[in-house]
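Engineer: Data: final09.tsv, TSV, C-alpha atoms.
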chain	number	residue	atom	x	y	z
D	1	MET	CA	54.31	-10.52	41.61
D	2	THR	CA	53.93	-7.26	39.76
D	3	GLU	CA	52.73	-6.44	36.27
D	4	THR	CA	56.28	-7.12	34.98
D	5	ALA	CA	55.75	-10.88	35.31
D	6	PRO	CA	57.10	-12.98	32.42
D	7	ALA	CA	54.67	-13.31	29.52
D	8	ARG	CA	55.11	-17.07	28.97
D	9	ALA	CA	52.21	-17.70	31.31
D	10	ARG	CA	50.49	-15.96	34.20
D	11	ALA	CA	47.70	-16.55	36.63
D	12	GLU	CA	45.95	-13.27	37.29
D	13	ILE	CA	44.41	-13.19	40.76
D	14	ASP	CA	41.62	-10.63	41.13
D	15	LEU	CA	41.68	-9.64	44.79
D	16	ALA	CA	38.64	-7.38	44.44
D	17	ALA	CA	36.67	-10.38	43.20
D	18	LEU	CA	37.92	-12.43	46.15
D	19	GLN	CA	36.76	-9.78	48.57
D	20	ALA	CA	33.37	-9.57	46.87
D	21	ASN	CA	33.06	-13.34	47.30
D	22	VAL	CA	33.89	-13.11	51.00
D	23	ARG	CA	31.22	-10.44	51.45
D	24	ALA	CA	28.68	-12.52	49.54
D	25	LEU	CA	29.44	-15.54	51.70
D	26	ARG	CA	29.15	-13.49	54.87
D	27	ALA	CA	25.72	-12.39	53.69
D	28	GLN	CA	24.74	-16.06	53.30
D	29	ALA	CA	25.63	-16.74	56.95
D	30	PRO	CA	25.02	-13.42	58.70
D	31	THR	CA	24.89	-14.84	62.24
D	32	ALA	CA	28.12	-16.82	61.96
D	33	ALA	CA	31.77	-15.84	61.81
D	34	LEU	CA	33.55	-16.70	58.56
D	35	MET	CA	36.76	-18.67	58.14
D	36	ALA	CA	38.60	-18.23	54.85
D	37	VAL	CA	40.41	-21.47	54.11
D	38	VAL	CA	43.77	-20.74	52.48
D	39	LYS	CA	45.23	-24.25	52.45
D	40	SER	CA	47.30	-25.45	49.50
D	41	ASP	CA	48.55	-21.92	48.81
D	42	ALA	CA	44.96	-20.62	48.84
D	43	TYR	CA	43.83	-23.29	46.38
D	44	GLY	CA	46.63	-22.22	44.08
D	45	HIS	CA	45.88	-18.50	44.30
D	46	GLY	CA	48.63	-17.45	46.75
D	47	ALA	CA	48.06	-17.84	50.48
D	48	LEU	CA	49.39	-14.60	51.89
D	49	PRO	CA	47.80	-12.06	49.49
D	50	CYS	CA	44.51	-13.94	49.57
D	51	ALA	CA	44.54	-14.26	53.37
D	52	ARG	CA	45.10	-10.55	53.77
D	53	ALA	CA	42.39	-9.68	51.27
D	54	ALA	CA	39.91	-12.05	52.94
D	55	LEU	CA	40.58	-10.57	56.37
D	56	ASP	CA	40.13	-7.07	55.00
D	57	ALA	CA	36.75	-8.16	53.61
D	58	GLY	CA	35.52	-9.39	56.97
D	59	ALA	CA	36.76	-12.93	57.45
D	60	THR	CA	37.71	-13.34	61.10
D	61	TRP	CA	39.41	-16.73	60.90
D	62	LEU	CA	41.90	-18.32	58.55
D	63	GLY	CA	42.14	-22.06	58.01
D	64	THR	CA	44.92	-24.27	56.69
D	65	ALA	CA	45.34	-28.00	56.41
D	66	THR	CA	48.91	-28.34	57.65
D	67	PRO	CA	50.56	-26.62	60.61
D	68	GLU	CA	53.42	-25.56	58.36
D	69	GLU	CA	50.97	-23.55	56.25
D	70	ALA	CA	49.59	-21.87	59.35
D	71	LEU	CA	53.03	-21.14	60.77
D	72	ALA	CA	54.02	-19.48	57.50
D	73	LEU	CA	51.07	-17.11	57.84
D	74	ARG	CA	52.13	-16.28	61.39
D	75	ALA	CA	55.70	-15.68	60.26
D	76	ALA	CA	54.37	-13.26	57.66
D	77	GLY	CA	52.78	-11.17	60.38
D	78	LEU	CA	49.15	-12.30	60.42
D	79	ASP	CA	48.02	-12.06	64.02
D	80	GLY	CA	44.39	-13.21	64.02
D	81	ARG	CA	42.87	-16.62	64.59
D	82	ILE	CA	44.38	-19.35	62.43
D	83	MET	CA	43.33	-22.98	62.60
D	84	CYS	CA	45.14	-26.02	61.19
D	85	TRP	CA	43.98	-29.61	61.31
D	86	LEU	CA	46.11	-32.12	59.43
D	87	TRP	CA	48.63	-33.54	61.90
D	88	VAL	CA	50.96	-36.51	62.04
D	89	PRO	CA	52.89	-37.76	65.06
D	90	GLY	CA	55.94	-35.64	65.81
D	91	GLY	CA	54.53	-32.59	64.05
D	92	PRO	CA	55.52	-29.05	65.00
D	93	TRP	CA	53.25	-29.05	68.03
D	94	ARG	CA	55.37	-26.78	70.22
D	95	ALA	CA	55.85	-24.20	67.46
D	96	ALA	CA	52.10	-24.25	66.82
D	97	VAL	CA	51.27	-23.78	70.51
D	98	GLU	CA	53.76	-20.94	70.82
D	99	ALA	CA	52.28	-19.32	67.71
D	100	ASP	CA	48.78	-19.40	69.28
D	101	LEU	CA	47.31	-21.50	66.51
D	102	ASP	CA	44.04	-23.36	66.99
D	103	LEU	CA	44.85	-27.04	66.64
D	104	GLY	CA	42.36	-29.46	65.13
D	105	ILE	CA	42.42	-32.63	67.24
D	106	SER	CA	40.96	-35.86	65.88
D	107	GLY	CA	42.21	-38.43	68.37
D	108	VAL	CA	43.68	-38.97	71.80
D	109	TRP	CA	47.21	-39.39	70.42
D	110	ALA	CA	47.07	-35.89	68.96
D	111	LEU	CA	45.66	-34.39	72.13
D	112	ARG	CA	48.49	-35.93	74.13
D	113	GLU	CA	51.12	-34.48	71.81
D	114	ALA	CA	49.47	-31.07	72.08
D	115	VAL	CA	49.47	-31.38	75.88
D	116	GLU	CA	53.16	-32.27	75.94
D	117	ALA	CA	53.90	-29.27	73.72
D	118	ALA	CA	51.95	-27.05	76.10
D	119	ARG	CA	53.94	-28.34	79.05
D	120	ALA	CA	57.24	-27.81	77.23
D	121	SER	CA	56.38	-24.28	76.15
D	122	GLY	CA	54.67	-23.13	79.31
D	123	ARG	CA	51.69	-22.07	77.21
D	124	THR	CA	48.07	-23.16	76.99
D	125	ALA	CA	47.29	-24.98	73.76
D	126	ARG	CA	44.16	-23.96	71.91
D	127	VAL	CA	42.51	-27.14	70.64
D	128	GLN	CA	39.39	-27.88	68.63
D	129	LEU	CA	38.00	-31.38	68.92
D	130	LYS	CA	36.86	-32.85	65.61
D	131	ALA	CA	33.96	-35.27	65.45
D	132	ASP	CA	33.70	-37.84	62.67
D	133	THR	CA	29.97	-37.58	62.03
D	134	GLY	CA	30.08	-39.71	58.91
D	135	LEU	CA	32.77	-38.51	56.51
D	136	GLY	CA	35.10	-41.29	57.59
D	137	ARG	CA	38.34	-39.36	57.21
D	138	ASN	CA	39.82	-37.31	60.04
D	139	GLY	CA	37.86	-36.90	63.23
D	140	CYS	CA	36.91	-38.90	66.30
D	141	GLN	CA	34.31	-41.63	66.00
D	142	PRO	CA	31.23	-41.31	68.28
D	143	ALA	CA	32.30	-44.41	70.22
D	144	ASP	CA	35.64	-42.79	71.07
D	145	TRP	CA	34.25	-39.30	71.71
D	146	PRO	CA	33.77	-39.70	75.49
D	147	GLU	CA	37.44	-40.64	75.95
D	148	LEU	CA	38.65	-37.67	73.87
D	149	VAL	CA	36.32	-35.22	75.58
D	150	GLY	CA	37.21	-36.53	79.02
D	151	GLU	CA	40.94	-36.30	78.44
D	152	ALA	CA	40.58	-32.79	76.97
D	153	LEU	CA	38.63	-31.63	80.02
D	154	ARG	CA	41.26	-33.03	82.37
D	155	ALA	CA	43.98	-31.22	80.45
D	156	GLU	CA	41.89	-28.07	80.50
D	157	ALA	CA	41.50	-28.34	84.26
D	158	GLU	CA	45.31	-28.39	84.51
D	159	GLY	CA	45.55	-25.25	82.38
D	160	LEU	CA	47.33	-27.10	79.58
D	161	VAL	CA	44.67	-26.73	76.91
D	162	ARG	CA	41.67	-24.58	76.16
D	163	VAL	CA	38.96	-26.29	74.12
D	164	THR	CA	38.11	-23.47	71.75
D	165	GLY	CA	35.98	-25.41	69.29
D	166	LEU	CA	33.97	-28.49	68.42
D	167	TRP	CA	33.67	-29.27	64.74
D	168	SER	CA	33.07	-31.73	61.95
D	169	HIS	CA	32.96	-31.90	58.14
D	170	PHE	CA	30.29	-32.90	55.62
D	171	ALA	CA	30.72	-35.70	53.11
D	172	CYS	CA	28.01	-34.76	50.62
D	173	ALA	CA	26.95	-31.15	51.20
D	174	ASP	CA	27.60	-30.53	47.50
D	175	GLU	CA	24.80	-33.01	46.65
D	176	PRO	CA	21.55	-31.31	47.69
D	177	GLY	CA	19.15	-33.69	49.39
D	178	HIS	CA	21.71	-36.42	50.03
D	179	PRO	CA	20.50	-38.37	53.09
D	180	SER	CA	23.92	-38.21	54.75
D	181	ILE	CA	23.56	-34.45	55.24
D	182	GLN	CA	20.80	-34.60	57.80
D	183	ALA	CA	22.30	-37.74	59.33
D	184	GLN	CA	25.58	-35.91	59.90
D	185	LEU	CA	23.84	-32.86	61.32
D	186	SER	CA	21.95	-35.06	63.77
D	187	CYS	CA	25.13	-36.86	64.80
D	188	PHE	CA	26.97	-33.56	65.21
D	189	ARG	CA	24.24	-32.16	67.46
D	190	GLU	CA	24.41	-35.31	69.61
D	191	MET	CA	28.19	-35.13	69.92
D	192	LEU	CA	27.98	-31.42	70.74
D	193	ALA	CA	25.37	-32.09	73.40
D	194	TYR	CA	27.54	-34.75	74.99
D	195	ALA	CA	30.66	-32.57	75.09
D	196	GLU	CA	28.80	-29.54	76.39
D	197	GLY	CA	26.99	-31.71	78.92
D	198	GLN	CA	30.38	-32.78	80.23
D	199	GLY	CA	31.45	-29.17	80.63
D	200	VAL	CA	33.11	-28.19	77.34
D	201	ARG	CA	32.44	-24.51	76.59
D	202	PRO	CA	33.62	-23.96	73.02
D	203	GLU	CA	33.98	-20.55	71.46
D	204	VAL	CA	32.86	-21.92	68.12
D	205	ARG	CA	30.97	-24.92	66.80
D	206	HIS	CA	31.27	-25.52	63.07
D	207	ILE	CA	30.51	-28.03	60.35
D	208	ALA	CA	29.57	-25.92	57.31
D	209	ASN	CA	31.93	-25.93	54.33
D	210	SER	CA	31.38	-23.89	51.15
D	211	PRO	CA	28.34	-25.80	49.83
D	212	ALA	CA	26.72	-25.94	53.26
D	213	THR	CA	27.33	-22.22	53.73
D	214	LEU	CA	25.46	-21.60	50.48
D	215	THR	CA	22.59	-24.04	50.91
D	216	LEU	CA	22.17	-25.20	54.53
D	217	PRO	CA	21.56	-22.33	56.96
D	218	GLU	CA	20.75	-24.80	59.73
D	219	SER	CA	24.37	-25.94	59.58
D	220	HIS	CA	25.97	-22.52	60.14
D	221	PHE	CA	26.23	-22.68	63.95
D	222	ASP	CA	28.91	-20.19	65.13
D	223	LEU	CA	31.36	-20.35	62.22
D	224	VAL	CA	31.38	-21.32	58.55
D	225	ARG	CA	34.51	-22.61	56.83
D	226	THR	CA	34.57	-21.37	53.26
D	227	GLY	CA	37.22	-22.68	50.91
D	228	ILE	CA	36.62	-23.00	47.18
D	229	ALA	CA	33.75	-20.48	47.18
D	230	VAL	CA	36.13	-17.75	48.39
D	231	TYR	CA	37.91	-18.14	45.07
D	232	GLY	CA	34.69	-17.85	43.08
D	233	VAL	CA	34.46	-21.48	42.04
D	234	SER	CA	31.18	-23.33	42.46
D	235	PRO	CA	31.51	-26.26	44.87
D	236	SER	CA	29.45	-28.37	42.49
D	237	PRO	CA	27.68	-27.96	39.15
D	238	GLU	CA	24.57	-29.30	40.92
D	239	LEU	CA	24.52	-26.16	43.07
D	240	GLY	CA	24.80	-23.83	40.07
D	241	THR	CA	27.39	-21.71	38.34
D	242	PRO	CA	29.44	-19.15	40.24
D	243	ALA	CA	27.12	-16.45	38.89
D	244	ASP	CA	24.09	-18.39	40.15
D	245	LEU	CA	25.68	-18.41	43.60
D	246	GLY	CA	26.66	-14.73	43.55
D	247	LEU	CA	30.36	-15.50	43.15
D	248	CYS	CA	33.05	-14.39	40.71
D	249	PRO	CA	36.02	-16.59	39.75
D	250	VAL	CA	39.26	-15.06	41.00
D	251	MET	CA	41.88	-16.73	38.78
D	252	THR	CA	42.44	-16.18	35.06
D	253	LEU	CA	45.10	-18.44	33.56
D	254	SER	CA	46.68	-17.31	30.32
D	255	ALA	CA	49.78	-17.85	28.22
D	256	SER	CA	51.36	-16.34	25.12
D	257	LEU	CA	51.55	-18.14	21.81
D	258	ALA	CA	55.16	-19.22	21.35
D	259	LEU	CA	54.89	-20.24	17.71
D	260	VAL	CA	52.42	-20.15	14.82
D	261	LYS	CA	53.20	-22.24	11.74
D	262	HIS	CA	51.62	-23.76	8.63
D	263	VAL	CA	51.51	-27.54	8.33
D	264	PRO	CA	50.12	-29.79	5.59
D	265	ALA	CA	47.27	-32.28	5.77
D	266	GLY	CA	48.13	-35.53	7.50
D	267	HIS	CA	50.68	-33.98	9.85
D	268	GLY	CA	50.96	-35.61	13.28
D	269	VAL	CA	50.86	-33.37	16.33
D	270	SER	CA	52.68	-34.07	19.62
D	271	TYR	CA	53.69	-37.38	21.16
D	272	GLY	CA	52.08	-40.49	19.76
D	273	HIS	CA	50.43	-38.63	16.87
D	274	HIS	CA	47.02	-38.98	18.53
D	275	TYR	CA	46.03	-35.94	16.52
D	276	VAL	CA	46.63	-35.72	12.77
D	277	THR	CA	45.66	-32.63	10.79
D	278	ALA	CA	42.69	-33.14	8.51
D	279	GLY	CA	43.89	-30.58	5.97
D	280	ASP	CA	46.32	-27.74	5.48
D	281	THR	CA	46.14	-25.70	8.64
D	282	THR	CA	48.01	-23.61	11.17
D	283	LEU	CA	49.19	-24.79	14.55
D	284	GLY	CA	49.73	-22.63	17.60
D	285	LEU	CA	52.12	-23.59	20.37
D	286	VAL	CA	51.01	-22.82	23.93
D	287	PRO	CA	54.03	-22.89	26.27
D	288	VAL	CA	52.49	-24.56	29.32
D	289	GLY	CA	52.13	-28.24	30.09
D	290	TYR	CA	51.66	-30.76	32.83
D	291	ALA	CA	54.68	-29.41	34.71
D	292	ASP	CA	52.62	-26.23	35.08
D	293	GLY	CA	49.55	-28.12	36.23
D	294	ILE	CA	47.78	-28.52	32.88
D	295	PRO	CA	46.19	-31.97	33.10
D	296	ARG	CA	47.63	-34.51	30.67
D	297	HIS	CA	44.08	-35.88	30.56
D	298	ALA	CA	43.23	-32.66	28.71
D	299	SER	CA	44.95	-34.07	25.63
D	300	GLY	CA	42.42	-33.65	22.82
D	301	THR	CA	39.78	-32.10	25.08
D	302	GLY	CA	41.07	-29.02	26.95
D	303	PRO	CA	39.47	-25.75	25.74
D	304	VAL	CA	41.28	-22.45	25.20
D	305	LEU	CA	40.37	-19.07	23.76
D	306	VAL	CA	42.71	-17.82	21.02
D	307	ALA	CA	41.98	-14.80	18.82
D	308	GLY	CA	38.35	-14.72	19.85
D	309	LYS	CA	37.62	-18.41	19.16
D	310	TRP	CA	37.46	-21.52	21.31
D	311	ARG	CA	40.06	-24.08	20.31
D	312	THR	CA	40.84	-27.50	21.72
D	313	VAL	CA	44.17	-29.01	22.72
D	314	ALA	CA	45.43	-30.87	19.65
D	315	GLY	CA	47.23	-34.08	20.58
D	316	ARG	CA	48.90	-34.81	23.85
D	317	VAL	CA	49.71	-32.27	26.51
D	318	ALA	CA	53.47	-32.43	27.06
D	319	MET	CA	55.48	-31.42	30.09
D	320	ASP	CA	56.00	-27.83	28.98
D	321	GLN	CA	53.69	-27.21	26.02
D	322	PHE	CA	50.72	-28.20	23.95
D	323	ALA	CA	49.43	-27.36	20.49
D	324	VAL	CA	46.12	-26.09	19.20
D	325	ASP	CA	44.84	-26.34	15.65
D	326	LEU	CA	44.09	-22.77	14.57
D	327	GLY	CA	42.24	-23.89	11.44
D	328	GLY	CA	44.18	-21.59	9.12
D	329	ASP	CA	43.95	-18.52	11.35
D	330	GLU	CA	47.24	-16.70	11.84
D	331	PRO	CA	47.28	-14.81	15.12
D	332	PRO	CA	50.65	-13.26	15.86
D	333	VAL	CA	53.26	-14.92	18.01
D	334	GLY	CA	52.71	-13.55	21.50
D	335	GLU	CA	48.90	-13.54	21.13
D	336	ARG	CA	47.22	-14.12	24.49
D	337	VAL	CA	45.76	-17.57	25.01
D	338	VAL	CA	43.21	-17.78	27.82
D	339	LEU	CA	42.89	-21.23	29.29
D	340	PHE	CA	40.26	-20.30	31.84
D	341	GLY	CA	38.81	-17.32	33.65
D	342	PRO	CA	35.43	-15.98	34.82
D	343	GLY	CA	33.90	-16.57	31.40
D	344	ASP	CA	32.80	-12.95	31.05
D	345	HIS	CA	34.63	-12.51	27.76
D	346	GLY	CA	33.82	-15.82	26.15
D	347	GLU	CA	36.77	-17.70	27.63
D	348	PRO	CA	36.47	-21.19	29.14
D	349	THR	CA	36.07	-21.52	32.89
D	350	ALA	CA	37.74	-23.83	35.38
D	351	GLU	CA	34.50	-25.84	35.35
D	352	ASP	CA	34.79	-26.23	31.57
D	353	TRP	CA	38.26	-27.71	32.09
D	354	ALA	CA	36.96	-29.94	34.86
D	355	GLN	CA	34.22	-31.27	32.61
D	356	ALA	CA	36.71	-31.79	29.78
D	357	VAL	CA	39.01	-33.97	31.87
D	358	GLY	CA	36.56	-35.67	34.23
D	359	THR	CA	37.53	-33.99	37.48
D	360	ILE	CA	36.37	-31.12	39.69
D	361	ALA	CA	37.15	-27.44	39.34
D	362	TYR	CA	38.93	-27.49	42.73
D	363	GLU	CA	41.67	-29.60	41.16
D	364	ILE	CA	41.99	-27.40	38.08
D	365	VAL	CA	42.85	-24.24	40.02
D	366	THR	CA	44.79	-25.89	42.84
D	367	ARG	CA	47.18	-27.80	40.59
D	368	ILE	CA	48.55	-24.75	38.72
D	369	GLY	CA	52.25	-24.94	39.53
D	370	THR	CA	54.75	-22.51	40.93
D	371	ARG	CA	56.37	-22.05	37.52
D	372	VAL	CA	53.33	-19.94	36.63
D	373	PRO	CA	53.65	-16.54	38.34
D	374	ARG	CA	50.68	-15.17	40.23
D	375	VAL	CA	49.94	-11.59	39.21
D	376	TYR	CA	47.65	-9.73	41.60
D	377	VAL	CA	45.23	-7.37	39.91
D	378	ASN	CA	42.57	-4.95	41.11
D	379	THR	CA	44.47	-4.55	44.33
D	380	GLU	CA	43.53	-0.88	44.45
D	381	GLN	CA	39.86	-1.89	44.49
D	382	ALA	CA	40.38	-4.40	47.26
D	383	GLY	CA	39.74	-3.17	50.74
Kindly return the structure encoded in the file as structure tokens.
Structural biologist:
Amino acid sequence: MTETAPARARAEIDLAALQANVRALRAQAPTAALMAVVKSDAYGHGALPCARAALDAGATWLGTATPEEALALRAAGLDGRIMCWLWVPGGPWRAAVEADLDLGISGVWALREAVEAARASGRTARVQLKADTGLGRNGCQPADWPELVGEALRAEAEGLVRVTGLWSHFACADEPGHPSIQAQLSCFREMLAYAEGQGVRPEVRHIANSPATLTLPESHFDLVRTGIAVYGVSPSPELGTPADLGLCPVMTLSASLALVKHVPAGHGVSYGHHYVTAGDTTLGLVPVGYADGIPRHASGTGPVLVAGKWRTVAGRVAMDQFAVDLGGDEPPVGERVVLFGPGDHGEPTAEDWAQAVGTIAYEIVTRIGTRVPRVYVNTEQAG
């Protein structure tokens, strides 16, 4: 989008801030390569512009969850290393092999589908075997690891696959001192040792996500996978604010007041009249709602900055709009309402919204819908 984006609402994406975050994260893991994870449309920030900016700032890998996300990056002309890891049977294996993607493999069924795609395409599939070291989601259990490794080595001997990586994922790296962290690291080292003892020669070994990149240097291995931290959001309040971590939030979400009006005391506001005015006041209408990704749970709690003051969502968040009680103030229609941003100018942050609705800041930024245009700013400073 350009600066001519509609004024109803906009999510400004500061690409210079994103690049500064990538550089800060690289400095935290100077001996490892850095993967910028751009899944879910770059956590709501826009996959292609953010991927390009991250690569320009020194990221050498891109990561997505789904193969479709990775294939879209390839189709847009990004030629470097791209990894994807969330597969289901019958997925676009052949297209992924032909696009030279690195394929996260969590079980024998997936390896076999990758091998068949390699045969069909006449290409060697790049695969990365994922170990379940304790997260309990995707990944191969230690008891099944020998079978997966053995089958991968046999396929590699036939020239059908190349095992480019061995990897895993933390469950609790955002909780400093959690006992599972060291248990997972120990398990990962054991599973690495087994695979390498059998003859696997990976290009990269990796387990560190954003919080581990920031706090666990012993987990950096050859590559760190940084997701939410690239976008300047702290992985956890326990680790500190973005500023504490040397990061700057990339997204600023704002809207324009659509209406300002006087109402008397005792006036109900929005569905269900869960908010009733205490006295004569003014109401401001903010033209975004849960269809735009504003949590309905923010009804009565979500903070916004209007005319230099923090206000709170008055009554229920509706599909397309919510109201704020302006307390008698009369900002003009069209006045900018900042829902969240870096916080440098007194506005709420994504973490403030997360605290207000009982979730995590990841969800706040990722859920902002496509009806809200992304407007890329500071692009001339990026590079």
Engineer: Rounded to one decimal in Å, what is the spacing between CA of Arg371 (chain D) and CA of Thr226 (chain D)?
Structural biologist: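 Distance between the two atoms: 26.9 Å.
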Engineer: Need the shell around region 273-288 of chain D: protein/DNA/RNA residues with any atom at most 9 Å away, counting all atoms listed in the file. Skip same-chain ones fewer than 3 positions apart. Format as JSON, numbers by chain?
Structural biologist: {"D": [8, 9, 255, 256, 257, 258, 259, 260, 261, 262, 263, 264, 265, 266, 267, 268, 269, 270, 291, 292, 293, 294, 299, 300, 314, 315, 316, 317, 318, 319, 320, 321, 322, 323, 324, 325, 326, 327, 328, 329, 330, 331, 333, 337, 372]}
Engineer: Compile a residue-level contact table for region 169-262 of chain D against region 22-39 of chain D at a cut-off of 7 Å, reporting for every qualifying residue the shortest atom pair and its distance in Å to one decimal, with only C-alpha atoms counted, rows ordered by chain and ascending number, as a Markdown table.
Structural biologist:
| residue | atom | partner | partner_atom | distance |
| --- | --- | --- | --- | --- |
| D:Thr213 | CA | D:Ala29 | CA | 6.6 |
| D:Leu214 | CA | D:Gln28 | CA | 6.3 |
| D:Pro217 | CA | D:Ala29 | CA | 6.9 |
| D:His220 | CA | D:Ala32 | CA | 6.4 |
| D:Phe221 | CA | D:Ala32 | CA | 6.5 |
| D:Asp222 | CA | D:Ala32 | CA | 4.7 |
| D:Leu223 | CA | D:Ala33 | CA | 4.5 |
| D:Val224 | CA | D:Leu34 | CA | 5.1 |
| D:Arg225 | CA | D:Met35 | CA | 4.7 |
| D:Thr226 | CA | D:Ala36 | CA | 5.4 |
| D:Gly227 | CA | D:Val37 | CA | 4.7 |
| D:Val230 | CA | D:Val22 | CA | 5.8 |
| D:Gly246 | CA | D:Ala24 | CA | 6.7 |
Engineer: With all atoms of region 356-370 of chain D from the file as input, state the centre and edge lengths in Å to one decimal of the axis-aligned box that has 6 Å extra on each side, as JSON.
Structural biologist:
{"center_x": 45.6, "center_y": -29.1, "center_z": 36.3, "size_x": 30.4, "size_y": 25.2, "size_z": 25.1}
Engineer: Quick check, in Å to one decimal: how far apart do CA of Pro373 (chain D) and CA of Gly308 (chain D) lie?
Structural biologist: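 Separation of CA of Pro373 (chain D) and CA of Gly308 (chain D): 24.1 Å.
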Engineer: Report, in Å to a single decimal, how far apart CA of Arg119 (chain D) and CA of Trp145 (chain D) are.
Structural biologist: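 CA of Arg119 (chain D) lies at a distance of 23.7 Å from CA of Trp145 (chain D).
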Engineer: Go through D:Tyr376, D:Glu190, D:Met251, D:Glu363 and flag the residue nearest Val338 (chain D), using only C-alpha atoms for the distances.
Structural biologist: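 For Val338 (chain D), the nearest of the given residues is D:Met251.
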Engineer: Need the shell around Cys172 (chain D): protein/DNA/RNA residues with any atom at most 10 Å away, counting only C-alpha atoms. Skip same-chain ones fewer than 6 positions apart. Format as a list in words?
Structural biologist: Gly134, Leu135, His178, Pro179, Ser180, Ile181, Gln184, Pro211 and Ala212 of chain D
Engineer: Using all atoms listed in the file, find the one residue out of D:Glu347, D:Asp352, D:Glu335, D:Asp79 that sits nearest to Val233 (chain D).
Structural biologist: D:Asp352
